[in-house]
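Engineer: So that you have it, the file is start.tsv, and it contains TSV, C-alpha atoms:
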chain	number	residue	atom	x	y	z
A	1	MET	CA	120.94	100.58	84.49
A	2	ALA	CA	124.33	101.62	85.79
A	3	ASP	CA	124.15	105.10	84.27
A	4	GLY	CA	120.50	105.87	85.04
A	5	SER	CA	119.35	105.31	81.47
A	6	VAL	CA	116.09	103.60	80.55
A	7	GLY	CA	115.83	99.83	80.87
A	8	GLY	CA	113.07	97.36	80.14
A	9	PHE	CA	110.96	96.73	77.05
A	10	THR	CA	107.90	97.72	75.07
A	11	ARG	CA	106.03	95.56	72.60
A	12	ASP	CA	106.46	97.06	69.11
A	13	ARG	CA	103.29	99.15	68.83
A	14	PHE	CA	103.93	100.71	72.24
A	15	ALA	CA	107.39	102.06	71.35
A	16	PRO	CA	106.22	105.72	71.60
A	17	VAL	CA	105.59	105.14	75.32
A	18	ARG	CA	109.31	104.54	75.82
A	19	GLU	CA	110.03	107.86	74.11
A	20	ALA	CA	107.59	109.65	76.43
A	21	PHE	CA	109.13	107.94	79.46
A	22	GLN	CA	112.62	108.96	78.35
A	23	ALA	CA	111.40	112.53	77.76
A	24	ASN	CA	110.17	112.78	81.35
A	25	LEU	CA	113.65	111.85	82.57
A	26	ASP	CA	115.46	114.08	80.08
A	27	SER	CA	113.38	117.13	81.02
A	28	GLY	CA	113.86	116.62	84.74
A	29	ALA	CA	110.13	116.05	85.25
A	30	ASP	CA	111.21	112.68	86.64
A	31	VAL	CA	114.40	111.83	88.51
A	32	GLY	CA	113.69	108.11	88.73
A	33	ALA	CA	110.57	106.25	87.68
A	34	SER	CA	108.93	103.08	86.45
A	35	PHE	CA	105.98	102.45	84.13
A	36	CYS	CA	104.27	99.17	83.33
A	37	ALA	CA	101.23	98.12	81.31
A	38	THR	CA	99.38	94.85	80.93
A	39	LEU	CA	96.95	93.80	78.18
A	40	GLU	CA	94.79	90.66	78.37
A	41	GLY	CA	96.89	89.63	81.35
A	42	GLU	CA	100.21	89.95	79.48
A	43	THR	CA	102.83	92.54	80.39
A	44	VAL	CA	103.36	94.60	77.23
A	45	VAL	CA	105.38	97.53	78.64
A	46	ASP	CA	107.85	97.41	81.52
A	47	LEU	CA	110.14	100.43	81.81
A	48	TRP	CA	112.39	101.84	84.50
A	49	GLY	CA	115.16	104.38	84.59
A	50	GLY	CA	116.77	107.44	86.09
A	51	TRP	CA	118.03	107.63	89.63
A	52	ALA	CA	116.82	106.30	92.97
A	53	ASP	CA	118.17	109.28	94.93
A	54	PRO	CA	118.26	113.06	94.40
A	55	ALA	CA	122.08	113.07	94.36
A	56	LYS	CA	121.95	110.65	91.39
A	57	THR	CA	124.36	108.16	92.91
A	58	ARG	CA	122.04	105.12	92.78
A	59	PRO	CA	120.47	104.11	89.46
A	60	TRP	CA	116.78	103.22	89.42
A	61	ASP	CA	117.08	99.53	88.55
A	62	LYS	CA	114.66	96.82	87.48
A	63	ASP	CA	113.88	95.92	91.10
A	64	THR	CA	113.91	99.39	92.67
A	65	ILE	CA	110.82	99.99	94.82
A	66	VAL	CA	109.41	103.15	96.37
A	67	ASN	CA	106.77	104.27	98.84
A	68	VAL	CA	103.68	104.96	96.70
A	69	TYR	CA	101.48	106.60	99.35
A	70	SER	CA	97.78	106.23	98.49
A	71	THR	CA	98.22	103.86	95.58
A	72	THR	CA	98.54	101.46	98.52
A	73	LYS	CA	94.78	101.88	99.06
A	74	THR	CA	94.07	99.88	95.92
A	75	MET	CA	95.93	96.88	97.37
A	76	THR	CA	93.90	97.20	100.57
A	77	ALA	CA	90.69	97.39	98.52
A	78	LEU	CA	91.74	94.36	96.49
A	79	THR	CA	92.29	92.38	99.69
A	80	ALA	CA	88.76	93.25	100.83
A	81	LEU	CA	87.34	92.38	97.40
A	82	LEU	CA	89.07	89.00	97.59
A	83	LEU	CA	87.48	88.25	100.98
A	84	ALA	CA	84.09	89.37	99.67
A	85	ASP	CA	84.48	87.13	96.62
A	86	ARG	CA	85.04	84.20	98.99
A	87	GLY	CA	81.91	85.06	100.97
A	88	GLU	CA	83.82	86.08	104.09
A	89	LEU	CA	82.97	89.80	103.84
A	90	ASP	CA	79.66	91.49	103.00
A	91	PHE	CA	80.09	95.08	101.83
A	92	ASP	CA	76.45	95.88	102.64
A	93	ALA	CA	76.79	94.70	106.23
A	94	PRO	CA	77.30	97.14	109.10
A	95	VAL	CA	80.96	97.49	110.09
A	96	SER	CA	79.86	96.59	113.62
A	97	LYS	CA	78.98	93.05	112.44
A	98	TYR	CA	82.72	92.41	112.31
A	99	TRP	CA	83.95	95.12	114.70
A	100	PRO	CA	81.32	95.61	117.45
A	101	GLU	CA	83.06	98.56	119.13
A	102	PHE	CA	82.68	100.56	115.91
A	103	ALA	CA	78.94	101.07	116.52
A	104	ALA	CA	79.71	103.78	119.11
A	105	ASN	CA	78.62	107.39	118.63
A	106	GLY	CA	75.93	106.78	116.04
A	107	LYS	CA	77.96	104.59	113.66
A	108	ASP	CA	75.79	101.47	113.96
A	109	ARG	CA	74.50	101.88	110.40
A	110	VAL	CA	77.86	102.59	108.76
A	111	THR	CA	78.52	99.81	106.25
A	112	VAL	CA	81.76	98.33	104.97
A	113	ALA	CA	80.86	99.87	101.59
A	114	HIS	CA	80.89	103.30	103.25
A	115	LEU	CA	84.48	102.63	104.39
A	116	MET	CA	85.48	101.52	100.91
A	117	SER	CA	83.99	104.62	99.26
A	118	HIS	CA	85.25	107.31	101.66
A	119	ALA	CA	81.67	107.96	102.79
A	120	ALA	CA	81.87	106.95	106.46
A	121	GLY	CA	82.44	110.49	107.77
A	122	LEU	CA	85.78	109.52	109.29
A	123	SER	CA	88.20	111.44	107.07
A	124	GLY	CA	90.50	112.07	110.03
A	125	TRP	CA	90.86	111.78	113.78
A	126	LYS	CA	89.28	114.26	116.19
A	127	GLU	CA	91.95	113.44	118.78
A	128	PRO	CA	95.30	115.19	118.12
A	129	LEU	CA	97.85	112.68	116.81
A	130	THR	CA	101.59	112.57	116.18
A	131	THR	CA	103.32	110.68	113.39
A	132	HIS	CA	104.47	108.16	115.98
A	133	ASP	CA	100.82	107.40	116.83
A	134	ILE	CA	100.06	106.06	113.34
A	135	TYR	CA	102.48	103.21	114.03
A	136	ASP	CA	100.19	102.11	116.89
A	137	TRP	CA	97.44	100.10	115.19
A	138	ASP	CA	95.36	99.53	118.30
A	139	LYS	CA	95.42	103.20	119.26
A	140	VAL	CA	94.36	104.64	115.92
A	141	THR	CA	91.68	102.04	115.24
A	142	SER	CA	90.25	102.38	118.75
A	143	LEU	CA	90.00	106.14	118.35
A	144	LEU	CA	88.15	105.75	115.05
A	145	ALA	CA	85.77	103.22	116.57
A	146	ALA	CA	84.94	105.59	119.42
A	147	GLN	CA	84.52	108.90	117.60
A	148	ALA	CA	81.44	110.39	115.97
A	149	PRO	CA	81.47	110.98	112.18
A	150	PHE	CA	82.25	114.45	110.82
A	151	TRP	CA	79.18	114.22	108.55
A	152	GLU	CA	76.24	111.87	108.12
A	153	PRO	CA	77.67	108.62	106.73
A	154	GLY	CA	76.52	107.72	103.24
A	155	THR	CA	75.49	111.24	102.26
A	156	ALA	CA	78.79	112.37	100.72
A	157	SER	CA	82.36	111.24	100.15
A	158	GLY	CA	85.24	112.97	101.88
A	159	TYR	CA	88.62	111.47	101.11
A	160	HIS	CA	89.78	109.27	104.02
A	161	ALA	CA	93.46	109.85	103.21
A	162	LEU	CA	95.01	107.95	106.09
A	163	THR	CA	92.04	106.54	108.00
A	164	GLN	CA	90.62	104.33	105.24
A	165	GLY	CA	93.44	101.83	105.50
A	166	TYR	CA	93.00	101.37	109.23
A	167	LEU	CA	89.22	101.10	108.90
A	168	VAL	CA	89.22	98.50	106.14
A	169	GLY	CA	92.29	96.85	107.63
A	170	GLU	CA	90.63	96.37	111.00
A	171	VAL	CA	87.59	94.76	109.35
A	172	VAL	CA	89.97	92.40	107.54
A	173	ARG	CA	91.76	91.67	110.82
A	174	ARG	CA	88.51	90.91	112.64
A	175	ILE	CA	87.45	88.48	109.89
A	176	THR	CA	90.77	86.69	109.32
A	177	GLY	CA	92.62	87.10	112.60
A	178	LYS	CA	95.58	88.42	110.57
A	179	SER	CA	96.84	91.90	109.78
A	180	LEU	CA	95.94	93.47	106.43
A	181	GLY	CA	99.56	93.34	105.29
A	182	THR	CA	99.79	89.65	106.13
A	183	VAL	CA	96.59	88.73	104.28
A	184	PHE	CA	97.68	90.78	101.27
A	185	ARG	CA	101.10	89.12	101.23
A	186	GLN	CA	99.85	85.57	101.68
A	187	GLU	CA	96.79	85.71	99.44
A	188	ILE	CA	97.82	88.13	96.66
A	189	ALA	CA	101.49	89.20	96.51
A	190	GLU	CA	103.12	85.82	97.10
A	191	PRO	CA	100.83	83.76	94.82
A	192	LEU	CA	101.47	86.27	92.02
A	193	GLY	CA	105.18	86.69	92.76
A	194	ALA	CA	104.52	90.43	93.05
A	195	ASP	CA	107.00	92.84	94.61
A	196	PHE	CA	104.59	94.98	96.64
A	197	HIS	CA	104.73	95.24	100.42
A	198	ILE	CA	102.40	96.64	103.08
A	199	GLY	CA	104.94	96.42	105.86
A	200	LEU	CA	108.43	96.27	104.32
A	201	PRO	CA	111.05	93.87	105.77
A	202	ALA	CA	114.41	95.46	106.65
A	203	SER	CA	116.04	93.07	104.17
A	204	GLU	CA	114.57	95.13	101.32
A	205	ASP	CA	115.71	98.59	102.46
A	206	ASP	CA	118.61	98.83	100.03
A	207	ARG	CA	116.17	98.67	97.08
A	208	VAL	CA	114.03	101.62	98.20
A	209	ALA	CA	114.24	104.83	96.19
A	210	GLU	CA	114.34	108.09	98.15
A	211	LEU	CA	111.28	110.27	97.74
A	212	ILE	CA	111.90	113.90	96.78
A	213	PRO	CA	109.24	116.13	98.40
A	214	PRO	CA	107.00	118.44	96.34
A	215	ALA	CA	108.26	121.96	95.70
A	216	PRO	CA	107.76	124.31	98.68
A	217	GLY	CA	104.24	125.68	98.84
A	218	THR	CA	102.71	122.90	96.72
A	219	GLY	CA	102.38	120.15	99.31
A	220	ILE	CA	99.15	118.57	100.50
A	221	ALA	CA	99.02	120.67	103.68
A	222	ASP	CA	100.15	124.00	102.20
A	223	GLY	CA	97.91	127.04	101.90
A	224	GLU	CA	94.63	128.01	103.52
A	225	GLN	CA	92.27	125.06	103.98
A	226	PRO	CA	88.78	124.48	105.40
A	227	GLU	CA	88.80	122.88	108.84
A	228	LEU	CA	87.83	119.41	107.59
A	229	VAL	CA	90.63	119.43	105.00
A	230	ARG	CA	93.12	120.79	107.50
A	231	ASN	CA	92.26	117.97	109.89
A	232	MET	CA	92.86	115.36	107.18
A	233	SER	CA	96.17	116.83	106.00
A	234	SER	CA	97.65	117.98	109.31
A	235	ASN	CA	96.58	115.52	112.02
A	236	PRO	CA	99.21	114.18	111.85
A	237	GLY	CA	101.06	116.21	109.24
A	238	ILE	CA	102.76	114.52	106.30
A	239	ASP	CA	106.55	114.48	106.56
A	240	VAL	CA	108.04	112.89	103.44
A	241	SER	CA	111.38	112.34	105.20
A	242	GLU	CA	109.58	109.94	107.56
A	243	THR	CA	109.42	107.44	104.69
A	244	LYS	CA	113.18	106.94	105.06
A	245	THR	CA	112.74	105.52	108.57
A	246	ARG	CA	112.50	101.87	109.49
A	247	ALA	CA	109.49	102.71	111.68
A	248	TRP	CA	107.49	103.93	108.66
A	249	ARG	CA	108.58	101.13	106.37
A	250	GLU	CA	107.86	98.26	108.73
A	251	ALA	CA	104.54	99.66	109.96
A	252	GLU	CA	101.48	98.43	108.14
A	253	ILE	CA	99.89	101.69	106.98
A	254	PRO	CA	97.35	100.30	104.48
A	255	ALA	CA	96.33	103.68	103.07
A	256	ALA	CA	99.77	105.18	102.51
A	257	GLY	CA	102.75	103.01	103.44
A	258	GLY	CA	102.98	100.48	100.61
A	259	HIS	CA	106.24	99.92	98.72
A	260	GLY	CA	106.35	98.65	95.15
A	261	ASN	CA	107.02	99.67	91.58
A	262	ALA	CA	105.01	100.05	88.40
A	263	ARG	CA	105.47	96.38	87.52
A	264	SER	CA	103.97	95.08	90.75
A	265	ILE	CA	101.19	97.67	90.66
A	266	ALA	CA	100.14	96.89	87.09
A	267	GLU	CA	100.59	93.12	87.32
A	268	ILE	CA	98.63	92.75	90.57
A	269	HIS	CA	95.71	94.76	89.20
A	270	ALA	CA	95.72	92.71	86.00
A	271	LEU	CA	93.79	90.36	88.26
A	272	LEU	CA	90.83	92.75	88.09
A	273	ALA	CA	91.13	93.71	84.42
A	274	ASN	CA	91.55	90.09	83.37
A	275	GLY	CA	88.51	88.58	85.08
A	276	GLY	CA	90.19	87.28	88.22
A	277	VAL	CA	93.23	85.67	86.59
A	278	ALA	CA	96.81	86.96	86.79
A	279	LYS	CA	100.10	85.20	86.10
A	280	GLY	CA	98.04	82.20	84.98
A	281	LYS	CA	96.41	81.86	88.40
A	282	ARG	CA	92.75	82.39	89.17
A	283	LEU	CA	92.38	84.16	92.52
A	284	MET	CA	88.90	85.67	92.08
A	285	SER	CA	85.72	85.27	90.05
A	286	GLU	CA	85.00	87.76	87.28
A	287	ALA	CA	81.87	88.90	89.12
A	288	GLY	CA	83.95	89.50	92.24
A	289	CYS	CA	86.32	91.67	90.25
A	290	ARG	CA	83.55	93.71	88.61
A	291	LYS	CA	82.05	94.36	92.04
A	292	ALA	CA	84.65	97.12	92.37
A	293	LEU	CA	82.94	99.03	89.53
A	294	GLU	CA	79.63	99.36	91.38
A	295	LEU	CA	79.00	103.05	92.03
A	296	GLN	CA	78.68	103.72	95.76
A	297	ILE	CA	78.57	107.49	95.90
A	298	GLU	CA	79.05	110.50	93.64
A	299	GLY	CA	79.02	114.25	94.04
A	300	THR	CA	81.38	116.91	95.29
A	301	ASP	CA	83.93	115.29	97.58
A	302	LEU	CA	84.11	117.19	100.89
A	303	ILE	CA	87.91	117.00	101.00
A	304	PHE	CA	88.87	117.44	97.35
A	305	ASN	CA	86.03	119.90	96.64
A	306	GLN	CA	85.80	118.31	93.19
A	307	PRO	CA	83.35	115.92	91.54
A	308	ALA	CA	84.08	112.35	92.55
A	309	ARG	CA	82.61	108.95	91.76
A	310	PHE	CA	83.66	106.10	94.03
A	311	GLY	CA	83.18	102.40	93.57
A	312	LEU	CA	84.42	99.88	96.12
A	313	GLY	CA	87.90	101.19	96.86
A	314	PHE	CA	88.58	102.96	93.56
A	315	GLY	CA	87.70	106.17	91.76
A	316	LEU	CA	85.45	105.52	88.77
A	317	ALA	CA	85.52	107.05	85.29
A	318	GLY	CA	83.67	110.36	85.08
A	319	GLY	CA	84.95	111.81	88.34
A	320	MET	CA	88.11	113.86	88.78
A	321	VAL	CA	90.09	111.90	86.18
A	322	PRO	CA	88.77	111.50	82.60
A	323	LEU	CA	89.12	107.96	81.26
A	324	PRO	CA	88.26	106.87	77.71
A	325	ASN	CA	86.30	103.73	78.58
A	326	PRO	CA	83.30	103.69	80.95
A	327	ASN	CA	84.22	100.53	82.86
A	328	SER	CA	87.49	101.93	84.14
A	329	MET	CA	88.76	102.88	87.57
A	330	TYR	CA	91.87	104.35	89.08
A	331	TRP	CA	93.60	105.72	92.10
A	332	GLY	CA	96.81	107.60	92.73
A	333	GLY	CA	99.23	108.35	95.52
A	334	TYR	CA	100.52	111.62	96.95
A	335	GLY	CA	103.31	112.77	94.64
A	336	GLY	CA	102.12	111.19	91.40
A	337	SER	CA	102.03	107.38	91.51
A	338	LEU	CA	99.02	105.94	89.69
A	339	ILE	CA	97.10	102.82	88.73
A	340	VAL	CA	94.45	102.72	86.00
A	341	ILE	CA	92.39	99.56	85.46
A	342	ASP	CA	90.38	99.43	82.23
A	343	PHE	CA	87.95	96.50	82.23
A	344	ASP	CA	86.75	97.25	78.69
A	345	ALA	CA	90.24	97.15	77.16
A	346	ARG	CA	91.38	94.51	79.71
A	347	THR	CA	94.44	96.57	80.45
A	348	THR	CA	96.21	98.10	83.44
A	349	PHE	CA	98.71	100.97	83.66
A	350	GLY	CA	101.01	101.47	86.66
A	351	TYR	CA	103.38	104.37	87.35
A	352	ALA	CA	105.68	104.97	90.32
A	353	MET	CA	108.36	107.60	90.76
A	354	ASN	CA	110.45	109.37	93.40
A	355	LYS	CA	110.16	113.06	92.41
A	356	MET	CA	106.89	114.14	93.97
A	357	ALA	CA	104.37	116.65	92.63
A	358	GLY	CA	101.78	118.24	94.92
A	359	THR	CA	99.04	115.92	93.71
A	360	THR	CA	97.03	112.99	95.01
A	361	THR	CA	95.35	111.90	91.76
A	362	GLY	CA	98.14	111.73	89.20
A	363	ASP	CA	99.74	114.44	87.06
A	364	THR	CA	100.94	115.13	83.52
A	365	ARG	CA	103.89	112.72	83.70
A	366	ALA	CA	101.72	109.63	84.11
A	367	PHE	CA	98.97	110.89	81.84
A	368	GLY	CA	101.41	111.51	79.01
A	369	LEU	CA	102.38	107.85	79.23
A	370	LEU	CA	98.73	106.80	79.40
A	371	MET	CA	97.89	108.81	76.29
A	372	GLY	CA	100.63	106.96	74.42
A	373	MET	CA	99.15	103.63	75.52
A	374	TRP	CA	95.58	104.54	74.61
A	375	GLN	CA	96.62	105.87	71.20
A	376	ALA	CA	98.51	102.65	70.48
A	377	LEU	CA	95.58	100.51	71.62
A	378	ALA	CA	93.20	102.48	69.38
A	379	GLY	CA	95.53	102.40	66.38
Taking this structure as input, can you express it in the form of structure tokens?

Structural biologist:
Amino acid sequence: MADGSVGGFTRDRFAPVREAFQANLDSGADVGASFCATLEGETVVDLWGGWADPAKTRPWDKDTIVNVYSTTKTMTALTALLLADRGELDFDAPVSKYWPEFAANGKDRVTVAHLMSHAAGLSGWKEPLTTHDIYDWDKVTSLLAAQAPFWEPGTASGYHALTQGYLVGEVVRRITGKSLGTVFRQEIAEPLGADFHIGLPASEDDRVAELIPPAPGTGIADGEQPELVRNMSSNPGIDVSETKTRAWREAEIPAAGGHGNARSIAEIHALLANGGVAKGKRLMSEAGCRKALELQIEGTDLIFNQPARFGLGFGLAGGMVPLPNPNSMYWGGYGGSLIVIDFDARTTFGYAMNKMAGTTTGDTRAFGLLMGMWQALAG
């Protein structure tokens, strides 16, 4: 919209969600944002509005996209689930079956499921890294293959904020001979006509909204932290301004570098909520989709220091985020982006914005919208 007002639509019974979305913009909680919901595979809410830059010179339009940080992990997980559904990947197999070098330093029994559930003991790198290093796929994956785990794999989760994408991505590369971003694009995004990118072409730069960092003192690396947490958040440190660079955008960073909007997030994950079918195309079996719900590990996460329940690539209901239906899962990105997939209601909710909060698992902006959806579904 030329003036930054709200565009898009809601099916009649979801009209209150538009009001909540508008309220976030009016209050300044959001500068620019998008929200989308699907039900039984149909898109029933698709909203966007506000501004794509802090100076409010560029409206957030229908096709505005933004870096969604760790919501990218769900696309990486979905790519692995697709390969598993085809019989090309076994989650119970040792990682070293596909990536022999990974067996070094006592990691011979680490399974692919451990990577998917943040339980591999590789929440960060022991070797000091710079931001530039994370653009070097071979370097960062080789370091992870060589190093010893920080804790005994399989005994606890510890959020693999940046490393998970490289770990799962390298397994995908060893199986397919293609990069994670390429497999995702060819097998998921393009067949569904979905506007989500792990590795963004320069031709799309003019559509990218500018992220606005969290308020000083509230960022992921601020404050006193235990050594393990400090390693995850500060090696390398997170510099939000880096997301403006071509180097960040074109690099395939499968845990944090994805670009999309609420529409692409919700419509891609409708595949899982709708039994393997999205946009009228069957890409997976229903059993392959429900595999993601299988509990892998639960307990106090060593990074978050909160109760967590992880399935294959997603947080499950009953962990840090309360969800009304038991067969639900979610994940969010640094700043506030979020995806919720509810298998029981066969619905998905996606949210992406540019004004960041100091959170990695969603915040009140998205949950206010979700409450409106759940109330309408129950009514």

Engineer: If we count all atoms listed in the file, what is near region 117-121 of chain A at a cut-off of 8 Å, once residues fewer than 3 positions away on the same chain are taken out, given as a count of residues only?

Structural biologist: 24

Engineer: If we count only C-alpha atoms, what is near region 361-375 of chain A at a cut-off of 8 Å, once residues fewer than 2 positions away on the same chain are taken out, given as a list in words?

Structural biologist: Phe14, Pro16, Val17, Ala20, Phe21, Asn24, Ala29, Asp30, Val321, Trp331, Gly332, Gly333, Tyr334, Gly335, Gly336, Ser337, Leu338, Phe349, Tyr351, Ala357, Thr359, Leu377, Ala378 and Gly379 of chain A

Engineer: Looking at A:Leu129, A:Leu25, A:Leu122, A:Leu47, which one is nearest to Gly237 (chain A), with distances taken over all atoms listed in the file?

Structural biologist: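 Checking each of A:Leu129, A:Leu25, A:Leu122, A:Leu47 against Gly237 (chain A), counting all atoms listed in the file, the winner is A:Leu129.
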
Engineer: Could you please determine the separation between CA of Leu162 (chain A) and CA of Ser234 (chain A) in Å, to one decimal place?

Structural biologist: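 Straight-line distance from CA of Leu162 (chain A) to CA of Ser234 (chain A) works out to 10.9 Å.
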
Engineer: Find the residues around region 206-218 of chain A up to 10 Å (all atoms listed in the file counted), leave out those fewer than 6 positions away in its own chain, and share them as a PyMOL selection string.

Structural biologist: chain A and resi 31-33+51-55+58-68+200+239-244+249+259-261+334-335+353-359

Engineer: Using C-alpha atoms, can you write the selected residues to a file as a tab-separated table (two decimals), keeping the file's coordinate frame?

Structural biologist:
chain	number	residue	atom	x	y	z
A	31	VAL	CA	114.40	111.83	88.51
A	32	GLY	CA	113.69	108.11	88.73
A	33	ALA	CA	110.57	106.25	87.68
A	51	TRP	CA	118.03	107.63	89.63
A	52	ALA	CA	116.82	106.30	92.97
A	53	ASP	CA	118.17	109.28	94.93
A	54	PRO	CA	118.26	113.06	94.40
A	55	ALA	CA	122.08	113.07	94.36
A	58	ARG	CA	122.04	105.12	92.78
A	59	PRO	CA	120.47	104.11	89.46
A	60	TRP	CA	116.78	103.22	89.42
A	61	ASP	CA	117.08	99.53	88.55
A	62	LYS	CA	114.66	96.82	87.48
A	63	ASP	CA	113.88	95.92	91.10
A	64	THR	CA	113.91	99.39	92.67
A	65	ILE	CA	110.82	99.99	94.82
A	66	VAL	CA	109.41	103.15	96.37
A	67	ASN	CA	106.77	104.27	98.84
A	68	VAL	CA	103.68	104.96	96.70
A	200	LEU	CA	108.43	96.27	104.32
A	239	ASP	CA	106.55	114.48	106.56
A	240	VAL	CA	108.04	112.89	103.44
A	241	SER	CA	111.38	112.34	105.20
A	242	GLU	CA	109.58	109.94	107.56
A	243	THR	CA	109.42	107.44	104.69
A	244	LYS	CA	113.18	106.94	105.06
A	249	ARG	CA	108.58	101.13	106.37
A	259	HIS	CA	106.24	99.92	98.72
A	260	GLY	CA	106.35	98.65	95.15
A	261	ASN	CA	107.02	99.67	91.58
A	334	TYR	CA	100.52	111.62	96.95
A	335	GLY	CA	103.31	112.77	94.64
A	353	MET	CA	108.36	107.60	90.76
A	354	ASN	CA	110.45	109.37	93.40
A	355	LYS	CA	110.16	113.06	92.41
A	356	MET	CA	106.89	114.14	93.97
A	357	ALA	CA	104.37	116.65	92.63
A	358	GLY	CA	101.78	118.24	94.92
A	359	THR	CA	99.04	115.92	93.71

Engineer: Can you tell me how far CA of Glu252 (chain A) sits from CA of Val277 (chain A), in Å to one decimal?

Structural biologist: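 Between CA of Glu252 (chain A) and CA of Val277 (chain A) the gap works out to 26.4 Å.
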
Engineer: Using all atoms listed in the file, which protein or nucleic acid residues come within 10 Å of Val183 (chain A)? Drop anything in the same chain fewer than 5 positions from it, and give the result as a PyMOL selection string.

Structural biologist: chain A and resi 76+79-80+83+169+172-173+176-178+188-189+198

Engineer: Leaving out Gly350 (chain A) and any residue of its chain fewer than 4 positions from it, which residues lie within 7 Å of it when counting all atoms listed in the file, given as a JSON list (two decimals) with C-alpha atoms, in the frame of the given file?

Structural biologist:
[["chain", "number", "residue", "atom", "x", "y", "z"],
["A", 35, "PHE", "CA", 105.98, 102.45, 84.13],
["A", 36, "CYS", "CA", 104.27, 99.17, 83.33],
["A", 37, "ALA", "CA", 101.23, 98.12, 81.31],
["A", 262, "ALA", "CA", 105.01, 100.05, 88.40],
["A", 263, "ARG", "CA", 105.47, 96.38, 87.52],
["A", 265, "ILE", "CA", 101.19, 97.67, 90.66],
["A", 266, "ALA", "CA", 100.14, 96.89, 87.09],
["A", 338, "LEU", "CA", 99.02, 105.94, 89.69],
["A", 339, "ILE", "CA", 97.10, 102.82, 88.73],
["A", 340, "VAL", "CA", 94.45, 102.72, 86.00]]

Engineer: Taking into account only C-alpha atoms, which residue in the set A:Asn305, A:Pro236, A:Gly288, A:Glu224 is nearest to His132 (chain A)?

Structural biologist: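 Closest residue, counting only C-alpha atoms: A:Pro236.
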
Engineer: Please, which residues in region 99-195 of chain A fall within 12 Å of region 201-204 of chain A when counting all atoms listed in the file, and what is the closest atom pair and distance in Å to one decimal for each, ordered by chain then residue number, as JSON lines?

Structural biologist:
{"residue": "A:Gly181", "atom": "CA", "partner": "A:Pro201", "partner_atom": "CA", "distance": 11.5}
{"residue": "A:Arg185", "atom": "CA", "partner": "A:Pro201", "partner_atom": "CA", "distance": 11.9}
{"residue": "A:Asp195", "atom": "CA", "partner": "A:Glu204", "partner_atom": "CA", "distance": 10.4}

Engineer: Smallest atom-to-atom distance to Ser123 (chain A): which of A:Val45, A:Ala247, A:Leu283, A:Met232, using only C-alpha atoms?

Structural biologist: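 Of the candidates, the smallest distance to Ser123 (chain A) is held by A:Met232.
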
Engineer: Quote the spacing between CA of Gly258 (chain A) and CA of Thr74 (chain A) in Å to one decimal place.

Structural biologist: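 Interatomic distance here is 10.1 Å.
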
Engineer: Using only C-alpha atoms and a cutoff of 8 Å, can you tell me which residues are near (83.3, 113.7, 89.3) in the file's coordinates, and write them out as a ChimeraX atom specification?

Structural biologist: /A:298-300,306-309,318-321

Engineer: Got time to write the residues from that selection, C-alpha atoms, as a compact mmCIF listing (two decimals), in the coordinates of the input?

Structural biologist:
# COMPACT_ATOMS: atom_id res chain seq x y z
CA GLU A 298 79.05 110.50 93.64
CA GLY A 299 79.02 114.25 94.04
CA THR A 300 81.38 116.91 95.29
CA GLN A 306 85.80 118.31 93.19
CA PRO A 307 83.35 115.92 91.54
CA ALA A 308 84.08 112.35 92.55
CA ARG A 309 82.61 108.95 91.76
CA GLY A 318 83.67 110.36 85.08
CA GLY A 319 84.95 111.81 88.34
CA MET A 320 88.11 113.86 88.78
CA VAL A 321 90.09 111.90 86.18

Engineer: With all atoms listed in the file as the atoms that count, which of A:Val140, A:Ala148, A:Ala256, A:Ala251 lies nearest to Lys107 (chain A)?

Structural biologist: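 Of A:Val140, A:Ala148, A:Ala256, A:Ala251, the one nearest Lys107 (chain A) is A:Ala148, counting all atoms listed in the file.
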
Engineer: Using all atoms listed in the file, give me every residue within 6 Å of (98.4, 105.7, 101.0) in file coordinates, as JSON, numbers by chain.

Structural biologist: {"A": [69, 70, 71, 72, 73, 255, 256, 257]}

Engineer: Keeping C-alpha atoms, export the residues of the selection given above as a PDB file, keeping the file's coordinate frame.

Structural biologist:
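Contents of result_5.pdb, as written:
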ATOM      1  CA  TYR A  69     101.480 106.600  99.350  1.00  0.00           C
ATOM      2  CA  SER A  70      97.780 106.230  98.490  1.00  0.00           C
ATOM      3  CA  THR A  71      98.220 103.860  95.580  1.00  0.00           C
ATOM      4  CA  THR A  72      98.540 101.460  98.520  1.00  0.00           C
ATOM      5  CA  LYS A  73      94.780 101.880  99.060  1.00  0.00           C
ATOM      6  CA  ALA A 255      96.330 103.680 103.070  1.00  0.00           C
ATOM      7  CA  ALA A 256      99.770 105.180 102.510  1.00  0.00           C
ATOM      8  CA  GLY A 257     102.750 103.010 103.440  1.00  0.00           C
TER       9      GLY A 257
END

Engineer: I'd like to know which of A:Ser233, A:Ser96, A:Thr141, A:Gln147 is closest to Ala161 (chain A), using all atoms listed in the file.

Structural biologist: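 Of A:Ser233, A:Ser96, A:Thr141, A:Gln147, the one nearest Ala161 (chain A) is A:Ser233, counting all atoms listed in the file.
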